[in-house]
file final_30.tsv (TSV, C-alpha atoms)
chain	number	residue	atom	x	y	z
A	1	MET	CA	-75.01	-52.19	15.49
A	2	LYS	CA	-73.33	-48.82	15.91
A	3	LYS	CA	-70.74	-47.27	13.60
A	4	ILE	CA	-68.19	-44.73	14.83
A	5	ALA	CA	-65.89	-42.80	12.51
A	6	ILE	CA	-62.55	-41.99	14.14
A	7	ILE	CA	-60.42	-39.16	12.79
A	8	SER	CA	-57.15	-37.65	13.99
A	9	ASP	CA	-54.36	-35.19	13.27
A	10	ILE	CA	-56.28	-32.50	11.40
A	11	HIS	CA	-53.49	-29.92	11.72
A	12	GLY	CA	-55.47	-27.00	10.37
A	13	ASN	CA	-56.05	-28.53	6.92
A	14	ILE	CA	-59.66	-27.62	6.12
A	15	PRO	CA	-59.93	-29.01	2.55
A	16	ALA	CA	-58.81	-32.41	3.87
A	17	LEU	CA	-61.15	-32.26	6.86
A	18	ASP	CA	-64.11	-31.24	4.69
A	19	ALA	CA	-63.45	-34.16	2.33
A	20	VAL	CA	-63.35	-36.64	5.21
A	21	LEU	CA	-66.51	-35.27	6.83
A	22	LYS	CA	-68.29	-35.47	3.48
A	23	ASP	CA	-67.25	-39.11	3.07
A	24	ILE	CA	-68.38	-39.96	6.60
A	25	LYS	CA	-71.77	-38.36	5.94
A	26	SER	CA	-72.14	-40.32	2.69
A	27	ARG	CA	-71.86	-43.52	4.75
A	28	ASN	CA	-74.65	-42.38	7.11
A	29	ILE	CA	-72.32	-42.44	10.12
A	30	GLU	CA	-73.55	-40.06	12.78
A	31	SER	CA	-70.93	-40.59	15.50
A	32	ILE	CA	-67.48	-39.07	14.95
A	33	TYR	CA	-64.62	-39.18	17.46
A	34	CYS	CA	-61.43	-37.13	17.06
A	35	LEU	CA	-58.10	-38.25	18.53
A	36	GLY	CA	-56.42	-34.86	18.69
A	37	ASP	CA	-53.93	-32.56	16.97
A	38	LEU	CA	-56.65	-30.25	15.75
A	39	ALA	CA	-54.42	-27.26	15.04
A	40	GLY	CA	-50.87	-26.41	14.06
A	41	LYS	CA	-48.84	-26.95	10.87
A	42	GLY	CA	-51.69	-25.86	8.53
A	43	PRO	CA	-53.14	-22.37	7.98
A	44	SER	CA	-56.65	-22.90	9.39
A	45	SER	CA	-56.26	-23.77	13.06
A	46	ALA	CA	-59.32	-21.84	14.23
A	47	GLU	CA	-61.59	-23.23	11.51
A	48	ALA	CA	-60.41	-26.76	12.25
A	49	VAL	CA	-61.17	-26.46	15.96
A	50	ASP	CA	-64.61	-25.01	15.23
A	51	SER	CA	-65.45	-27.79	12.77
A	52	ILE	CA	-64.30	-30.53	15.14
A	53	ARG	CA	-66.37	-29.06	17.97
A	54	LYS	CA	-69.39	-28.97	15.70
A	55	HIS	CA	-69.15	-32.48	14.27
A	56	CYS	CA	-67.44	-34.66	16.91
A	57	GLU	CA	-69.04	-36.26	19.96
A	58	VAL	CA	-65.68	-37.01	21.55
A	59	VAL	CA	-62.44	-35.02	21.20
A	60	ILE	CA	-59.15	-36.17	22.74
A	61	LYS	CA	-56.02	-34.12	23.35
A	62	GLY	CA	-53.03	-34.55	21.06
A	63	ASN	CA	-49.41	-33.55	21.57
A	64	TRP	CA	-49.82	-30.49	19.35
A	65	ASP	CA	-52.89	-29.44	21.33
A	66	PHE	CA	-50.63	-29.62	24.39
A	67	PHE	CA	-47.81	-27.65	22.75
A	68	ILE	CA	-50.10	-24.88	21.52
A	69	THR	CA	-51.80	-24.42	24.90
A	70	GLU	CA	-48.76	-24.86	27.16
A	71	GLN	CA	-45.71	-23.51	25.30
A	72	ASN	CA	-44.68	-20.32	23.53
A	73	TYR	CA	-42.35	-19.81	20.60
A	74	GLU	CA	-42.69	-18.12	17.22
A	75	MET	CA	-44.39	-20.87	15.24
A	76	LEU	CA	-46.84	-21.69	18.03
A	77	THR	CA	-47.58	-18.03	18.70
A	78	TRP	CA	-48.89	-17.59	15.16
A	79	HIS	CA	-51.41	-20.40	15.68
A	80	GLN	CA	-52.26	-19.20	19.18
A	81	ASN	CA	-53.17	-15.80	17.75
A	82	GLN	CA	-55.40	-17.46	15.17
A	83	LEU	CA	-57.15	-19.57	17.79
A	84	GLY	CA	-57.91	-16.99	20.48
A	85	GLU	CA	-58.37	-17.55	24.20
A	86	GLU	CA	-61.66	-19.47	24.19
A	87	ARG	CA	-60.50	-22.12	21.70
A	88	LEU	CA	-57.20	-22.49	23.55
A	89	GLU	CA	-59.08	-23.15	26.80
A	90	PHE	CA	-61.17	-25.79	25.03
A	91	MET	CA	-58.03	-27.52	23.75
A	92	LYS	CA	-56.29	-27.30	27.12
A	93	ASP	CA	-59.17	-29.10	28.86
A	94	LEU	CA	-59.38	-32.05	26.45
A	95	PRO	CA	-59.10	-35.56	27.97
A	96	LEU	CA	-56.22	-37.93	27.17
A	97	TYR	CA	-58.33	-40.96	26.26
A	98	GLU	CA	-61.82	-42.45	25.88
A	99	GLU	CA	-62.86	-45.97	26.92
A	100	PHE	CA	-66.03	-47.95	26.26
A	101	TYR	CA	-67.22	-51.48	25.61
A	102	MET	CA	-68.27	-52.60	22.15
A	103	SER	CA	-69.26	-56.17	21.24
A	104	GLY	CA	-67.63	-57.60	24.37
A	105	ARG	CA	-64.34	-55.73	23.91
A	106	LEU	CA	-62.91	-52.87	25.95
A	107	ILE	CA	-62.06	-50.23	23.37
A	108	ARG	CA	-59.55	-47.52	24.23
A	109	LEU	CA	-58.96	-44.48	22.04
A	110	CYS	CA	-56.07	-42.07	22.58
A	111	HIS	CA	-53.73	-39.82	20.63
A	112	ALA	CA	-50.36	-41.47	21.31
A	113	SER	CA	-50.77	-43.34	24.60
A	114	PRO	CA	-53.49	-43.10	27.28
A	115	ASN	CA	-50.99	-42.23	30.01
A	116	ASP	CA	-48.30	-40.38	28.05
A	117	LEU	CA	-48.84	-37.97	25.15
A	118	PHE	CA	-45.24	-38.49	24.05
A	119	HIS	CA	-44.99	-42.29	24.05
A	120	ARG	CA	-44.75	-42.83	20.29
A	121	VAL	CA	-45.58	-46.25	18.88
A	122	TYR	CA	-45.03	-47.37	15.29
A	123	LEU	CA	-45.97	-50.62	13.57
A	124	SER	CA	-42.29	-51.60	13.87
A	125	THR	CA	-42.05	-50.79	17.60
A	126	GLU	CA	-41.32	-53.80	19.79
A	127	ASN	CA	-44.41	-55.37	21.34
A	128	GLU	CA	-43.34	-54.56	24.90
A	129	GLN	CA	-43.63	-50.85	24.14
A	130	ARG	CA	-46.82	-51.27	22.14
A	131	MET	CA	-48.43	-53.12	25.06
A	132	LYS	CA	-48.15	-49.95	27.17
A	133	LEU	CA	-51.15	-48.62	25.26
A	134	PHE	CA	-53.24	-51.50	26.67
A	135	MET	CA	-52.23	-51.04	30.33
A	136	PRO	CA	-55.02	-50.25	32.83
A	137	THR	CA	-56.03	-46.62	33.23
A	138	LYS	CA	-57.53	-44.86	36.24
A	139	THR	CA	-60.97	-44.95	34.61
A	140	LEU	CA	-61.74	-48.66	34.43
A	141	ASN	CA	-58.50	-50.15	35.83
A	142	LYS	CA	-58.51	-52.92	33.21
A	143	GLU	CA	-56.37	-53.80	30.22
A	144	ALA	CA	-57.92	-52.78	26.91
A	145	ASP	CA	-58.69	-55.35	24.22
A	146	VAL	CA	-58.57	-52.92	21.32
A	147	VAL	CA	-56.61	-49.65	21.09
A	148	GLY	CA	-57.06	-47.01	18.41
A	149	TYR	CA	-54.65	-44.08	18.20
A	150	GLY	CA	-53.26	-41.32	15.96
A	151	ASP	CA	-49.99	-39.38	16.36
A	152	ILE	CA	-47.75	-41.16	13.83
A	153	HIS	CA	-49.74	-40.23	10.69
A	154	GLY	CA	-49.54	-43.76	9.30
A	155	ALA	CA	-52.69	-45.91	9.15
A	156	HIS	CA	-52.52	-49.61	9.98
A	157	ILE	CA	-54.25	-52.48	11.82
A	158	ASP	CA	-52.38	-55.22	13.69
A	159	THR	CA	-53.20	-58.06	16.09
A	160	PHE	CA	-50.66	-59.51	18.55
A	161	GLN	CA	-50.69	-61.23	21.96
A	162	GLY	CA	-54.48	-61.47	21.75
A	163	LYS	CA	-54.81	-57.71	21.36
A	164	THR	CA	-55.78	-55.49	18.41
A	165	ILE	CA	-54.21	-52.13	17.72
A	166	PHE	CA	-55.06	-49.75	14.92
A	167	ASN	CA	-53.81	-46.36	13.83
A	168	VAL	CA	-56.33	-44.12	12.09
A	169	GLY	CA	-53.67	-42.18	10.21
A	170	SER	CA	-53.96	-38.44	9.64
A	171	VAL	CA	-56.60	-36.26	8.03
A	172	GLY	CA	-54.50	-33.18	7.41
A	173	ASN	CA	-50.90	-34.40	7.30
A	174	PRO	CA	-50.70	-38.05	6.17
A	175	LEU	CA	-47.10	-39.26	5.97
A	176	ASP	CA	-47.66	-42.61	4.26
A	177	ILE	CA	-49.93	-41.80	1.29
A	178	PRO	CA	-50.89	-38.18	0.44
A	179	GLN	CA	-54.55	-38.90	1.05
A	180	PRO	CA	-56.48	-38.29	4.29
A	181	SER	CA	-57.34	-41.43	6.24
A	182	TYR	CA	-59.72	-42.33	9.04
A	183	ALA	CA	-61.09	-45.44	10.71
A	184	ILE	CA	-64.56	-46.90	11.21
A	185	ILE	CA	-65.38	-49.28	14.04
A	186	GLU	CA	-68.66	-51.17	14.14
A	187	GLY	CA	-70.28	-53.26	16.85
A	188	MET	CA	-72.72	-53.34	19.73
A	189	TYR	CA	-71.91	-50.15	21.62
A	190	GLY	CA	-71.82	-50.46	25.40
A	191	SER	CA	-72.22	-54.24	25.33
A	192	LYS	CA	-69.93	-56.59	27.29
A	193	GLU	CA	-71.36	-59.57	25.42
A	194	GLN	CA	-69.33	-60.99	22.55
A	195	ALA	CA	-70.76	-59.99	19.18
A	196	PRO	CA	-69.51	-59.20	15.67
A	197	PHE	CA	-66.99	-56.35	15.59
A	198	ALA	CA	-65.21	-54.67	12.69
A	199	ILE	CA	-62.46	-52.15	12.07
A	200	SER	CA	-61.85	-50.61	8.66
A	201	LEU	CA	-59.57	-47.90	7.30
A	202	VAL	CA	-60.74	-45.40	4.70
A	203	ARG	CA	-58.74	-43.23	2.27
A	204	VAL	CA	-60.25	-40.09	0.81
A	205	GLN	CA	-59.25	-37.94	-2.15
A	206	TYR	CA	-59.08	-34.18	-1.54
A	207	ASN	CA	-58.08	-30.94	-3.23
A	208	ILE	CA	-54.38	-30.63	-2.38
A	209	GLU	CA	-53.98	-27.57	-4.62
A	210	GLN	CA	-56.65	-25.77	-2.60
A	211	ALA	CA	-54.85	-26.62	0.64
A	212	VAL	CA	-51.57	-25.28	-0.79
A	213	ASN	CA	-53.25	-22.06	-1.97
A	214	GLN	CA	-54.79	-21.50	1.46
A	215	ALA	CA	-51.35	-21.76	3.02
A	216	MET	CA	-49.79	-19.45	0.42
A	217	GLU	CA	-52.33	-16.74	1.22
A	218	THR	CA	-51.08	-16.49	4.82
A	219	ASP	CA	-47.88	-15.44	6.57
A	220	MET	CA	-47.82	-18.65	8.59
A	221	PRO	CA	-44.43	-19.93	9.78
A	222	ASP	CA	-42.89	-23.05	8.23
A	223	LYS	CA	-45.07	-22.51	5.17
A	224	GLN	CA	-42.82	-24.30	2.70
A	225	GLU	CA	-42.36	-27.26	5.04
A	226	TYR	CA	-46.13	-27.60	5.30
A	227	ILE	CA	-46.61	-27.38	1.52
call {"tool": "encode", "arguments": {"input": "final_30.tsv", "output": "C-alpha cells"}}
result
Amino acid sequence: MKKIAIISDIHGNIPALDAVLKDIKSRNIESIYCLGDLAGKGPSSAEAVDSIRKHCEVVIKGNWDFFITEQNYEMLTWHQNQLGEERLEFMKDLPLYEEFYMSGRLIRLCHASPNDLFHRVYLSTENEQRMKLFMPTKTLNKEADVVGYGDIHGAHIDTFQGKTIFNVGSVGNPLDIPQPSYAIIEGMYGSKEQAPFAISLVRVQYNIEQAVNQAMETDMPDKQEYI
C-alpha cells in the first residue's frame, strides 16, 4: 500500500507550509503532491516555491501560478520580483493535471479543473458542472473515477453518480477553518485491480502570529487583506 499526501494553495505562507510538512513527515509519508498556487498573497513566495520543489514529487499549476507568470500589475509585480526569473520559468512550465491508477481507480489530480484553470467547483455546485472534472483528458482519454483538487480553499469529500471528488483545502489561506488542511490517499499505486482505497483529510495547527509578523516585516501589497 502506498500513501500520498496532497497539498495545495500554499500562497507564500511558510509557517503553515512548515507545519504541514512536519505533520506529513510524522506519519512517515514519503510522497507529496502539490496542486498549485505556490506563491502570491503571502510574503514568502520564493521560499514557498523552493520548499515545494524540494519536497514534492509532483507539482501542478494553479491559477495564481498562471497569473504571476503571465500577467503584470502592481500586486503581482511585487511577487514576481521576489521569485526571480528561474522560479517563474519553473511555475510557467507546470502541468495542469496528474493521472494514475490506484487500487483499480483512475485518480485525477488538478488545481481547479484538468482542462480549465478557471472552472471553479464548490460542494454546492450542480453535479453537471462538477462532472466536468471527470471528463476524459488527452493523456488517457478516459473518465476519472476519483478527482482531487484545490482552488476553493475549502476541504471536503463527496461521492455522487458513482464518482468520488475531494478538495484538499488550502495550506496557506484556508477559508473554512483557520487551520491548514491537506489530504492523504492510500492504495495500491499503479494497479488497475480493485483493492482497498482510502481518502482522509487532515487539519494542522500552526503559528498564525508568526505568519502575521512575517507579513508585517515586508512592504508587500494587500498586506492587511492577507493578515
call {"tool": "residues_near_point", "arguments": {"input": "final_30.tsv", "point": "(-53.3, -23.9, 10.7)", "cutoff": "8 Å", "atoms": "all atoms listed in the file", "output": "list in words"}}
result
His11, Gly12, Asn13, Ala39, Gly40, Lys41, Gly42, Pro43, Ser44, Ser45, Ala46, Ala48, His79 and Met220 of chain A
call {"tool": "write_last_selection", "arguments": {"input": "final_30.tsv", "atoms": "C-alpha atoms", "output": "mmCIF file, in the coordinates of the input"}}
result
data_model
loop_
_atom_site.group_PDB
_atom_site.id
_atom_site.type_symbol
_atom_site.label_atom_id
_atom_site.label_comp_id
_atom_site.auth_asym_id
_atom_site.auth_seq_id
_atom_site.Cartn_x
_atom_site.Cartn_y
_atom_site.Cartn_z
ATOM 1 C CA HIS A 11 -53.490 -29.920 11.720
ATOM 2 C CA GLY A 12 -55.470 -27.000 10.370
ATOM 3 C CA ASN A 13 -56.050 -28.530 6.920
ATOM 4 C CA ALA A 39 -54.420 -27.260 15.040
ATOM 5 C CA GLY A 40 -50.870 -26.410 14.060
ATOM 6 C CA LYS A 41 -48.840 -26.950 10.870
ATOM 7 C CA GLY A 42 -51.690 -25.860 8.530
ATOM 8 C CA PRO A 43 -53.140 -22.370 7.980
ATOM 9 C CA SER A 44 -56.650 -22.900 9.390
ATOM 10 C CA SER A 45 -56.260 -23.770 13.060
ATOM 11 C CA ALA A 46 -59.320 -21.840 14.230
ATOM 12 C CA ALA A 48 -60.410 -26.760 12.250
ATOM 13 C CA HIS A 79 -51.410 -20.400 15.680
ATOM 14 C CA MET A 220 -47.820 -18.650 8.590
#
call {"tool": "closest_residue", "arguments": {"input": "final_30.tsv", "among": "A:Leu83, A:Val58, A:Ile208, A:Ile68", "to": "Pro95 in chain A", "atoms": "all atoms listed in the file"}}
result
A:Val58
call {"tool": "residues_around", "arguments": {"input": "final_30.tsv", "residues": "Ala211 in chain A", "least_positions_apart": "5", "cutoff": "8 Å", "atoms": "only C-alpha atoms", "output": "list in words"}}
result
Asn13, Ile14, Pro15 and Ala16 of chain A
call {"tool": "closest_residue", "arguments": {"input": "final_30.tsv", "among": "A:Val212, A:Ile177, A:Lys54, A:Asp145", "to": "Met102 in chain A", "atoms": "all atoms listed in the file"}}
result
A:Asp145
call {"tool": "atom_distance", "arguments": {"input": "final_30.tsv", "atom1": "CA of Gln214 in chain A", "atom2": "CA of Leu76 in chain A"}}
result
18.4 Å
call {"tool": "residues_around", "arguments": {"input": "final_30.tsv", "residues": "Arg130 in chain A", "least_positions_apart": "6", "cutoff": "9 Å", "atoms": "all atoms listed in the file", "output": "list in words"}}
result
Arg120, Val121, Tyr122, Leu123 and Ile165 of chain A
call {"tool": "closest_residue", "arguments": {"input": "final_30.tsv", "among": "A:Ile52, A:Val147, A:Val168, A:Leu96", "to": "Pro180 in chain A", "atoms": "only C-alpha atoms"}}
result
A:Val168
call {"tool": "residues_around", "arguments": {"input": "final_30.tsv", "residues": "Ser200 in chain A", "least_positions_apart": "3", "cutoff": "12 Å", "atoms": "only C-alpha atoms", "output": "VMD selection string"}}
result
chain A and resid 3 to 6 148 155 to 158 165 to 169 181 to 186 197 203
call {"tool": "closest_residue", "arguments": {"input": "final_30.tsv", "among": "A:His55, A:His119, A:His153, A:Arg105", "to": "Pro174 in chain A", "atoms": "only C-alpha atoms"}}
result
A:His153
call {"tool": "closest_residue", "arguments": {"input": "final_30.tsv", "among": "A:Glu85, A:Glu70, A:Glu193, A:Glu128", "to": "Leu106 in chain A", "atoms": "all atoms listed in the file"}}
result
A:Glu193
call {"tool": "atom_distance", "arguments": {"input": "final_30.tsv", "atom1": "CA of Arg53 in chain A", "atom2": "CA of Asn72 in chain A"}}
result
24.0 Å
call {"tool": "atom_distance", "arguments": {"input": "final_30.tsv", "atom1": "CA of Ile227 in chain A", "atom2": "CA of Met91 in chain A"}}
result
25.0 Å
call {"tool": "decode", "arguments": {"input": "final_30.tsv", "residues": "range 171-199 of chain A", "atoms": "N, CA and C atoms", "output": "mmCIF file, in the first residue's frame"}}
result
data_model
loop_
_atom_site.group_PDB
_atom_site.id
_atom_site.type_symbol
_atom_site.label_atom_id
_atom_site.label_comp_id
_atom_site.auth_asym_id
_atom_site.auth_seq_id
_atom_site.Cartn_x
_atom_site.Cartn_y
_atom_site.Cartn_z
ATOM 1 N N VAL A 171 -3.300 25.074 2.332
ATOM 2 C CA VAL A 171 -2.259 25.133 3.362
ATOM 3 C C VAL A 171 -2.129 26.560 3.898
ATOM 4 N N GLY A 172 -1.982 27.522 3.006
ATOM 5 C CA GLY A 172 -1.608 28.864 3.443
ATOM 6 C C GLY A 172 -2.721 29.871 3.556
ATOM 7 N N ASN A 173 -3.922 29.535 3.048
ATOM 8 C CA ASN A 173 -5.017 30.500 3.049
ATOM 9 C C ASN A 173 -6.360 29.790 3.182
ATOM 10 N N PRO A 174 -6.547 28.956 4.213
ATOM 11 C CA PRO A 174 -7.815 28.241 4.368
ATOM 12 C C PRO A 174 -8.962 29.214 4.621
ATOM 13 N N LEU A 175 -10.086 28.995 3.936
ATOM 14 C CA LEU A 175 -11.220 29.903 4.056
ATOM 15 C C LEU A 175 -12.387 29.289 4.830
ATOM 16 N N ASP A 176 -12.238 28.054 5.284
ATOM 17 C CA ASP A 176 -13.310 27.428 6.053
ATOM 18 C C ASP A 176 -12.993 27.447 7.553
ATOM 19 N N ILE A 177 -11.839 26.898 7.916
ATOM 20 C CA ILE A 177 -11.339 26.899 9.287
ATOM 21 C C ILE A 177 -9.921 27.452 9.226
ATOM 22 N N PRO A 178 -9.510 28.353 10.132
ATOM 23 C CA PRO A 178 -8.169 28.929 10.043
ATOM 24 C C PRO A 178 -7.062 27.966 10.481
ATOM 25 N N GLN A 179 -7.081 26.801 9.868
ATOM 26 C CA GLN A 179 -6.046 25.796 10.079
ATOM 27 C C GLN A 179 -5.696 25.189 8.729
ATOM 28 N N PRO A 180 -4.423 25.013 8.412
ATOM 29 C CA PRO A 180 -4.036 24.379 7.157
ATOM 30 C C PRO A 180 -4.651 22.985 7.039
ATOM 31 N N SER A 181 -4.978 22.596 5.818
ATOM 32 C CA SER A 181 -5.507 21.260 5.578
ATOM 33 C C SER A 181 -4.771 20.611 4.418
ATOM 34 N N TYR A 182 -4.795 19.298 4.391
ATOM 35 C CA TYR A 182 -4.275 18.539 3.265
ATOM 36 C C TYR A 182 -4.948 17.184 3.249
ATOM 37 N N ALA A 183 -4.748 16.432 2.172
ATOM 38 C CA ALA A 183 -5.380 15.128 2.037
ATOM 39 C C ALA A 183 -4.332 14.029 1.997
ATOM 40 N N ILE A 184 -4.752 12.831 2.342
ATOM 41 C CA ILE A 184 -3.932 11.627 2.202
ATOM 42 C C ILE A 184 -4.756 10.606 1.431
ATOM 43 N N ILE A 185 -4.193 10.053 0.367
ATOM 44 C CA ILE A 185 -4.834 8.930 -0.308
ATOM 45 C C ILE A 185 -3.940 7.714 -0.130
ATOM 46 N N GLU A 186 -4.577 6.559 -0.032
ATOM 47 C CA GLU A 186 -3.848 5.313 0.248
ATOM 48 C C GLU A 186 -4.429 4.178 -0.581
ATOM 49 N N GLY A 187 -3.546 3.431 -1.240
ATOM 50 C CA GLY A 187 -3.993 2.292 -2.029
ATOM 51 C C GLY A 187 -2.826 1.648 -2.742
ATOM 52 N N MET A 188 -3.145 0.782 -3.685
ATOM 53 C CA MET A 188 -2.125 0.093 -4.470
ATOM 54 C C MET A 188 -1.794 0.945 -5.685
ATOM 55 N N TYR A 189 -0.682 1.657 -5.611
ATOM 56 C CA TYR A 189 -0.323 2.607 -6.662
ATOM 57 C C TYR A 189 -0.015 1.889 -7.979
ATOM 58 N N GLY A 190 -0.593 2.401 -9.064
ATOM 59 C CA GLY A 190 -0.342 1.850 -10.383
ATOM 60 C C GLY A 190 -1.166 0.627 -10.727
ATOM 61 N N SER A 191 -1.977 0.155 -9.799
ATOM 62 C CA SER A 191 -2.732 -1.081 -10.005
ATOM 63 C C SER A 191 -4.125 -0.795 -10.557
ATOM 64 N N LYS A 192 -4.531 -1.552 -11.598
ATOM 65 C CA LYS A 192 -5.869 -1.468 -12.151
ATOM 66 C C LYS A 192 -6.805 -2.497 -11.515
ATOM 67 N N GLU A 193 -6.288 -3.272 -10.586
ATOM 68 C CA GLU A 193 -7.089 -4.271 -9.885
ATOM 69 C C GLU A 193 -7.743 -3.641 -8.661
ATOM 70 N N GLN A 194 -9.018 -3.959 -8.447
ATOM 71 C CA GLN A 194 -9.724 -3.413 -7.297
ATOM 72 C C GLN A 194 -9.063 -3.865 -5.990
ATOM 73 N N ALA A 195 -8.864 -2.906 -5.106
ATOM 74 C CA ALA A 195 -8.238 -3.160 -3.810
ATOM 75 C C ALA A 195 -8.669 -2.056 -2.857
ATOM 76 N N PRO A 196 -8.435 -2.224 -1.554
ATOM 77 C CA PRO A 196 -8.809 -1.176 -0.608
ATOM 78 C C PRO A 196 -8.202 0.178 -0.978
ATOM 79 N N PHE A 197 -8.985 1.216 -0.758
ATOM 80 C CA PHE A 197 -8.580 2.581 -1.113
ATOM 81 C C PHE A 197 -9.158 3.525 -0.069
ATOM 82 N N ALA A 198 -8.393 4.528 0.313
ATOM 83 C CA ALA A 198 -8.850 5.458 1.348
ATOM 84 C C ALA A 198 -8.461 6.887 1.015
ATOM 85 N N ILE A 199 -9.328 7.803 1.412
ATOM 86 C CA ILE A 199 -9.057 9.237 1.350
ATOM 87 C C ILE A 199 -9.321 9.812 2.734
#
